[in-house]
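Colleague: Dumping the structure here so I can ask a few things about it.
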Amino acid sequence: MEHDFRYVRFQGRELAENTLFPKGIFSICHQLANEKMDEEDAALFFEIDKWFSEELPWPGPCKRQERVVCFFKTENTEEMIKMVRPMMWLLEKYNHPYYVVFTNTPGEIVYEDRWQVCCKVEDPEIVAVQPSWSPKD
């Protein structure tokens, strides 16, 4: 089913302060690593985060903390999704709900590279949608 969609995002329920859009999995894991995770789990997350930092360009709109959200492109994400799976496991271990959201209409794209897009957040009323897939499926 996910191959019918061009974009995927891993997000929680809580809203990010700057976008009022559900926080992404990296923000959630950073917070959990700093507040709740044991040392081994935090080290796992930081190793994954380091891999992403080395493999993916850091989008300019994110660096500038603009009101954007990022989505992975499903056509190029097989390796990245493999790297995200342990983060989903960490969220489950620490009882933190999350959603895997697939879409073809992420919003106005203001940044794009081979792996991801960043979209402008304009509607602060947007809330998390029901998951279309979960790792337990």
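Ligands are numbered from 1 in the order shown, chains are lettered A, B, ... in the order of the structure tokens, and residues start at 1 in each chain.
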Find the spatial neighbours of Phe52 (chain A), counting only C-alpha atoms, within a cut-off of 10 Å - ignore same-chain residues fewer than 6 positions away - and output them as a PyMOL selection string.
Modeller: chain A and resi 46+58+80+83-84
Colleague: Write out as number ranges by chain all residues of chain A that backbone DSSP assigns to strand (DSSP E).
Modeller: A: 7-15, 22-24, 68-73, 99-103, 109-112, 116-120
Colleague: I'd like to know which of A:Lys120, A:His96, A:Lys82, A:Arg13 is closest to Val69 (chain A), using only C-alpha atoms.
Modeller: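 Of the candidates, the smallest distance to Val69 (chain A) is held by A:Lys120.
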Colleague: Pick from A:Ser27, A:Tyr7, A:Pro61, A:Glu55: nearest to Glu75 (chain A), with only C-alpha atoms counted?
Modeller: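 Among A:Ser27, A:Tyr7, A:Pro61, A:Glu55, it is A:Tyr7 that comes nearest to Glu75 (chain A).
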Colleague: Just the residues within 9 Å of Ile28 (chain A), please, counting only C-alpha atoms, with nothing from its chain fewer than 4 positions along; format it as an MDAnalysis selection string.
Modeller: chainID A and resid 11:12 14 23:24 32:33 91 96
Colleague: Rounded to one decimal place, report the CA of Glu54 (chain A)-CA of Asp4 (chain A) distance in Å.
Modeller: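 A separation of 28.7 Å between them.
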